Structures are given as structure tokens and as C-alpha cells.
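Student: Okay, here's the structure, questions in a sec.
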Amino acid sequence: MLVKPLTLKDFQKASLIHFSTLSDISSLCGLGIVKKLYKKLISDDNHFCLGAWQRTDLIALITVSYDMNNSDKLMHGLFSFSDFLRITMKILTGKLSLWRIFQRLVFENSVKRYLPNKYSSIVTLCVEDKFQRKGIGKKLVKTAIMRLKEKKINYLYVDTREDNLKALSFYKSLGFKIVLQSAGGILLKIKLK
């Protein structure tokens with residue numbers, strides 16, 4: 001397995017892995033939104049994206065933001081009017097929970113109050129199902145941490161839903177500690193030594 005930075009030509013593969021492995025708000029909004037997200041994340045200097053490759057196949061990825069408050073604005077700005085119409089239809093047909101969107105926005109507000117300034121965070125960590133529990137996610141996080149240490153960044157954050165026990169256990173096993181719980185979301189932090 002090889003870990004290397006993703007380039008813009010990888011955004012389609014990255015989008016498909018995200019869409020098939022995560023049940024976050026962006027995935028629930030549709031593959032089109034996820035594709036817009038990865039085009040932006042891969043090309044934006046405020047982020048870095050690393051992929052785990054097996055031969056020519058992308059099997060996992062991690063995206064990290066150097067300034068998550070700025071990343072939230074960038075991600076919210078991806079939605080066009082037609083995207084909002086599609087999301088509204090998904091809400092009306094029960095395919096997307098308005099409550100979950102509301103919880104996410106409340107959680108993001110809580111994080112902004114807790115961390116009002118620039119902070120680094122894992123935006124996404126996705127590992128294809130058949131490659132999970134093989135140390136690939138751990139290798140991606142550790143590689144990202146090394147990169148952040150080179151930039152003299154002291155802390156790395158990540159958030160997940162409180163009902164995502166698998167993710168919570170994974171991040172805690174790497175040394176992340178819970179620092180905030182709000183509206184169904186959990187913010188974790190690790191000190192980069």
C-alpha cells in the first residue's frame with residue numbers, strides 16, 4: 001500500500017469512496033455535492049488530501065484542513081440553488097432528516113464558540129469497506145499528523161456523531177480525547193508531540 005497526496009484527477013475516485021462509506025450530510029445530499037466537495041478540497045491550499053493506493057486503486061483517503069472555520073464556510077458555499085431544491089425534495093420525501101441538518105448546524109456553532117480561531121481538523125477519513133480494520137485508516141491519520149508536525153501545528157481535531165461508536169473507538173485508540181459534546185456531535189482533540 002502506498003500513501004500519497006491526491007490530485008485533482010483523483011477527485012472522482014475520492015468522491016465515490018466518500019459516498020459509499022460515509023453517511024454524513026454531504027453523502028445524504030447526493031453524489032453531485034460530494035464531487036463538488038472533493039474538487040474544492042483537493043485544489044484548495046487550506047487542505048491536504050492523502051490517498052492510500054493498492055496498485056492503481058484508491059482504497060482510502062484522509063482530508064485535513066489547516067483552518068476548519070474557513071473550511072466550513074467553503075463547504076456551505078458549495079450548495080447552489082438547484083442543490084437546495086434537491087435537498088428540499090429529499091427532506092419532503094423523508095430521504096433526508098431536517099433534524100439531522102439542524103443538529104449539525106447547532107454542533108458547528110458550538111465548535112465555533114469553543115474554537116473561535118483557526119484550528120486544524122480532519123475533514124474526512126474514508127476507507128473502503130473491504131479494507132477496513134487493516135490499519136489503513138491508522139496509517140493515514142499518522143501520516144497526516146507527521147505532515148502537521150512539520151508545519152509546527154500543535155493540535156489536531158476531528159468530529160463525529162455520538163452514535164458512531166466505531167469512529168469514536170478508532171480515534172480514542174489513536175490518543176484523541178473528547179473535548180466537546182453538543183447536539184449529537186462529538187469533537188475530539190490530540191496533542192501533536
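Ordering of the C-alpha cells sets the chain letters (A, B, ...); residue numbers start at 1 within each chain; ligands are numbered from 1 in the order shown.
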Quick one: residues within 8 Å of range 41-43 of chain A, only C-alpha atoms, excluding same-chain residues fewer than 6 positions away - as a VMD selection string?
Tutor: chain A and resid 6 to 8 11 49 63
Student: What gap, in Å, lies between CA of Ser169 in chain A and CA of Ile190 in chain A?
Tutor: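 Between these atoms lies a distance of 14.0 Å.
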Student: Tell me which of A:Ser121, A:Gln181, A:Gln132, A:Thr160 sits closest to Ile145 in chain A, counting only C-alpha atoms.
Tutor: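 Smallest separation from Ile145 in chain A among the options: A:Ser121.
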Student: Name the residues in contact with Lys130 in chain A at a cut-off of 12 Å, using only C-alpha atoms, excluding same-chain residues fewer than 2 positions from it; report them as an MDAnalysis selection string.
Tutor: chainID A and resid 17 20:21 59:60 126:128 132:134 136
Student: Can you pull out every residue from chain A that DSSP, working from the backbone, puts in alpha helix (DSSP H), and format the result as number ranges by chain?
Tutor: A: 11-21, 25-29, 31-43, 68-76, 81-92, 98-114, 136-150, 165-173
Student: Do a neighbour search on Lys112 in chain A at 10 Å with only C-alpha atoms, toss out local chain neighbours closer than 6 positions, and write the hits as a PyMOL selection string.
Tutor: chain A and resi 68-69+106+118
Student: Emit the selected residues as a PDB file, in the first residue's frame, including N, CA and C atoms.
Tutor:
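Okay, selection-v3.pdb is ready:
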ATOM      1  N   MET A  68     -10.248  24.986   9.963  1.00  0.00           N
ATOM      2  CA  MET A  68     -11.569  24.383   9.819  1.00  0.00           C
ATOM      3  C   MET A  68     -12.698  25.409   9.769  1.00  0.00           C
ATOM      4  N   ASN A  69     -12.559  26.534  10.462  1.00  0.00           N
ATOM      5  CA  ASN A  69     -13.609  27.560  10.377  1.00  0.00           C
ATOM      6  C   ASN A  69     -13.761  28.038   8.934  1.00  0.00           C
ATOM      7  N   VAL A 106     -26.162  23.238  14.707  1.00  0.00           N
ATOM      8  CA  VAL A 106     -26.007  23.583  16.121  1.00  0.00           C
ATOM      9  C   VAL A 106     -24.636  23.128  16.620  1.00  0.00           C
ATOM     10  N   LYS A 118      -8.522  29.907  14.186  1.00  0.00           N
ATOM     11  CA  LYS A 118      -8.047  28.899  13.235  1.00  0.00           C
ATOM     12  C   LYS A 118      -7.625  27.621  13.976  1.00  0.00           C
TER      13      LYS A 118
END
Student: Can you list, as a ChimeraX atom specification, every protein, DNA or RNA residue that comes within 12 Å of Ser173 in chain A when you count only C-alpha atoms, leaving out same-chain residues fewer than 2 positions away?
Tutor: /A:135,137-138,141,166-171,175-177,188,190
Student: For the selection just defined, write its residues with N, CA and C atoms to a file, as an mmCIF file, in the first residue's frame.
Tutor:
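part11.cif written:
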data_model
loop_
_atom_site.group_PDB
_atom_site.id
_atom_site.type_symbol
_atom_site.label_atom_id
_atom_site.label_comp_id
_atom_site.auth_asym_id
_atom_site.auth_seq_id
_atom_site.Cartn_x
_atom_site.Cartn_y
_atom_site.Cartn_z
ATOM 1 N N GLY A 135 -5.562 -1.435 9.419
ATOM 2 C CA GLY A 135 -4.542 -0.452 9.773
ATOM 3 C C GLY A 135 -4.377 0.683 8.771
ATOM 4 N N GLY A 137 -6.605 3.195 7.911
ATOM 5 C CA GLY A 137 -7.044 4.468 8.490
ATOM 6 C C GLY A 137 -6.018 4.997 9.475
ATOM 7 N N LYS A 138 -5.481 4.103 10.289
ATOM 8 C CA LYS A 138 -4.457 4.491 11.268
ATOM 9 C C LYS A 138 -3.224 5.053 10.563
ATOM 10 N N VAL A 141 -4.002 8.582 9.269
ATOM 11 C CA VAL A 141 -4.019 9.586 10.342
ATOM 12 C C VAL A 141 -2.597 9.876 10.797
ATOM 13 N N LYS A 166 -17.974 3.186 16.327
ATOM 14 C CA LYS A 166 -16.778 2.667 15.644
ATOM 15 C C LYS A 166 -15.732 3.775 15.466
ATOM 16 N N ALA A 167 -16.182 4.939 15.001
ATOM 17 C CA ALA A 167 -15.263 6.067 14.801
ATOM 18 C C ALA A 167 -14.725 6.566 16.137
ATOM 19 N N LEU A 168 -15.590 6.666 17.143
ATOM 20 C CA LEU A 168 -15.151 7.117 18.469
ATOM 21 C C LEU A 168 -14.065 6.200 19.023
ATOM 22 N N SER A 169 -14.287 4.916 18.927
ATOM 23 C CA SER A 169 -13.315 3.939 19.419
ATOM 24 C C SER A 169 -11.997 4.056 18.649
ATOM 25 N N PHE A 170 -12.088 4.210 17.343
ATOM 26 C CA PHE A 170 -10.901 4.335 16.497
ATOM 27 C C PHE A 170 -10.074 5.550 16.908
ATOM 28 N N TYR A 171 -10.716 6.720 16.988
ATOM 29 C CA TYR A 171 -9.975 7.939 17.318
ATOM 30 C C TYR A 171 -9.406 7.892 18.735
ATOM 31 N N GLY A 175 -5.329 8.111 20.530
ATOM 32 C CA GLY A 175 -4.959 9.111 21.521
ATOM 33 C C GLY A 175 -5.816 10.363 21.531
ATOM 34 N N PHE A 176 -6.829 10.431 20.678
ATOM 35 C CA PHE A 176 -7.741 11.573 20.690
ATOM 36 C C PHE A 176 -8.586 11.539 21.970
ATOM 37 N N LYS A 177 -8.876 12.712 22.503
ATOM 38 C CA LYS A 177 -9.697 12.858 23.713
ATOM 39 C C LYS A 177 -10.912 13.723 23.382
ATOM 40 N N LEU A 188 -13.205 15.775 19.133
ATOM 41 C CA LEU A 188 -12.064 15.163 19.790
ATOM 42 C C LEU A 188 -10.782 15.908 19.405
ATOM 43 N N ILE A 190 -6.245 15.790 19.701
ATOM 44 C CA ILE A 190 -4.992 15.135 20.066
ATOM 45 C C ILE A 190 -3.876 16.178 20.036
#
Student: Determine, counting only C-alpha atoms, which protein, DNA and RNA residues have an atom within 12 Å of an atom of range 70-73 of chain A; residues of the same chain fewer than 5 positions away are not included. Present the result as an MDAnalysis selection string.
Tutor: chainID A and resid 37 40:41 44:48 63:65 78:79 104:105 107:109 111:112 116:124
Student: Pick from A:Lys152, A:Lys13, A:Lys39, A:Arg100: nearest to Lys193 in chain A, with only C-alpha atoms counted?
Tutor: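 Nearest candidate to Lys193 in chain A out of A:Lys152, A:Lys13, A:Lys39, A:Arg100: A:Lys152.
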Student: Restrict the calculation to only C-alpha atoms, then for each residue of range 135-177 of chain A with any atom at most 8 Å from an atom of range 182-185 of chain A give the closest atom pair and their distance in Å to one decimal, rows by chain and rising residue number, as CSV.
Tutor:
residue,atom,partner,partner_atom,distance
A:Asp159,CA,A:Gly185,CA,6.9
A:Thr160,CA,A:Gly185,CA,5.8
A:Arg161,CA,A:Gly185,CA,4.4
A:Glu162,CA,A:Gly185,CA,5.3
A:Asp163,CA,A:Gly184,CA,7.6
Student: Those selected residues, please, written with N, CA and C atoms and delivered as an mmCIF file, in the first residue's frame.
Tutor:
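Written output follows (selection12.cif):
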data_model
loop_
_atom_site.group_PDB
_atom_site.id
_atom_site.type_symbol
_atom_site.label_atom_id
_atom_site.label_comp_id
_atom_site.auth_asym_id
_atom_site.auth_seq_id
_atom_site.Cartn_x
_atom_site.Cartn_y
_atom_site.Cartn_z
ATOM 1 N N ASP A 159 -14.260 15.549 14.315
ATOM 2 C CA ASP A 159 -15.586 15.397 14.914
ATOM 3 C C ASP A 159 -16.302 14.212 14.300
ATOM 4 N N THR A 160 -17.218 13.683 15.072
ATOM 5 C CA THR A 160 -18.040 12.565 14.620
ATOM 6 C C THR A 160 -19.368 12.634 15.359
ATOM 7 N N ARG A 161 -20.299 11.834 14.938
ATOM 8 C CA ARG A 161 -21.582 11.761 15.639
ATOM 9 C C ARG A 161 -21.422 10.878 16.877
ATOM 10 N N GLU A 162 -22.163 11.208 17.911
ATOM 11 C CA GLU A 162 -22.042 10.442 19.154
ATOM 12 C C GLU A 162 -22.521 9.001 19.006
ATOM 13 N N ASP A 163 -23.342 8.726 17.989
ATOM 14 C CA ASP A 163 -23.796 7.350 17.770
ATOM 15 C C ASP A 163 -22.847 6.552 16.853
#
Student: Using Å and a single decimal, report how far CA of Ile87 in chain A sits from CA of Cys29 in chain A.
Tutor: 6.0 Å
Student: Rank nothing, just name the residue among A:Ser27, A:Ile178, A:Ser82, A:Leu61 nearest to Ala144 in chain A, using only C-alpha atoms.
Tutor: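 Checking each of A:Ser27, A:Ile178, A:Ser82, A:Leu61 against Ala144 in chain A, counting only C-alpha atoms, the winner is A:Leu61.
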Student: I need the residues of chain A that end up classed as strand (DSSP E) by DSSP on the backbone, written out as a ChimeraX atom specification.
Tutor: /A:2-5,47-54,57-65,121-127,155-161,177-182,185-191
Student: What is the CA of Ile62 in chain A to CA of Gln12 in chain A distance in Å?
Tutor: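 Between CA of Ile62 in chain A and CA of Gln12 in chain A the gap works out to 14.7 Å.
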Student: Taking only C-alpha atoms into account, which of A:Ile153, A:Leu125, A:Lys189, A:Leu16 comes nearest Ala52 in chain A?
Tutor: A:Leu125
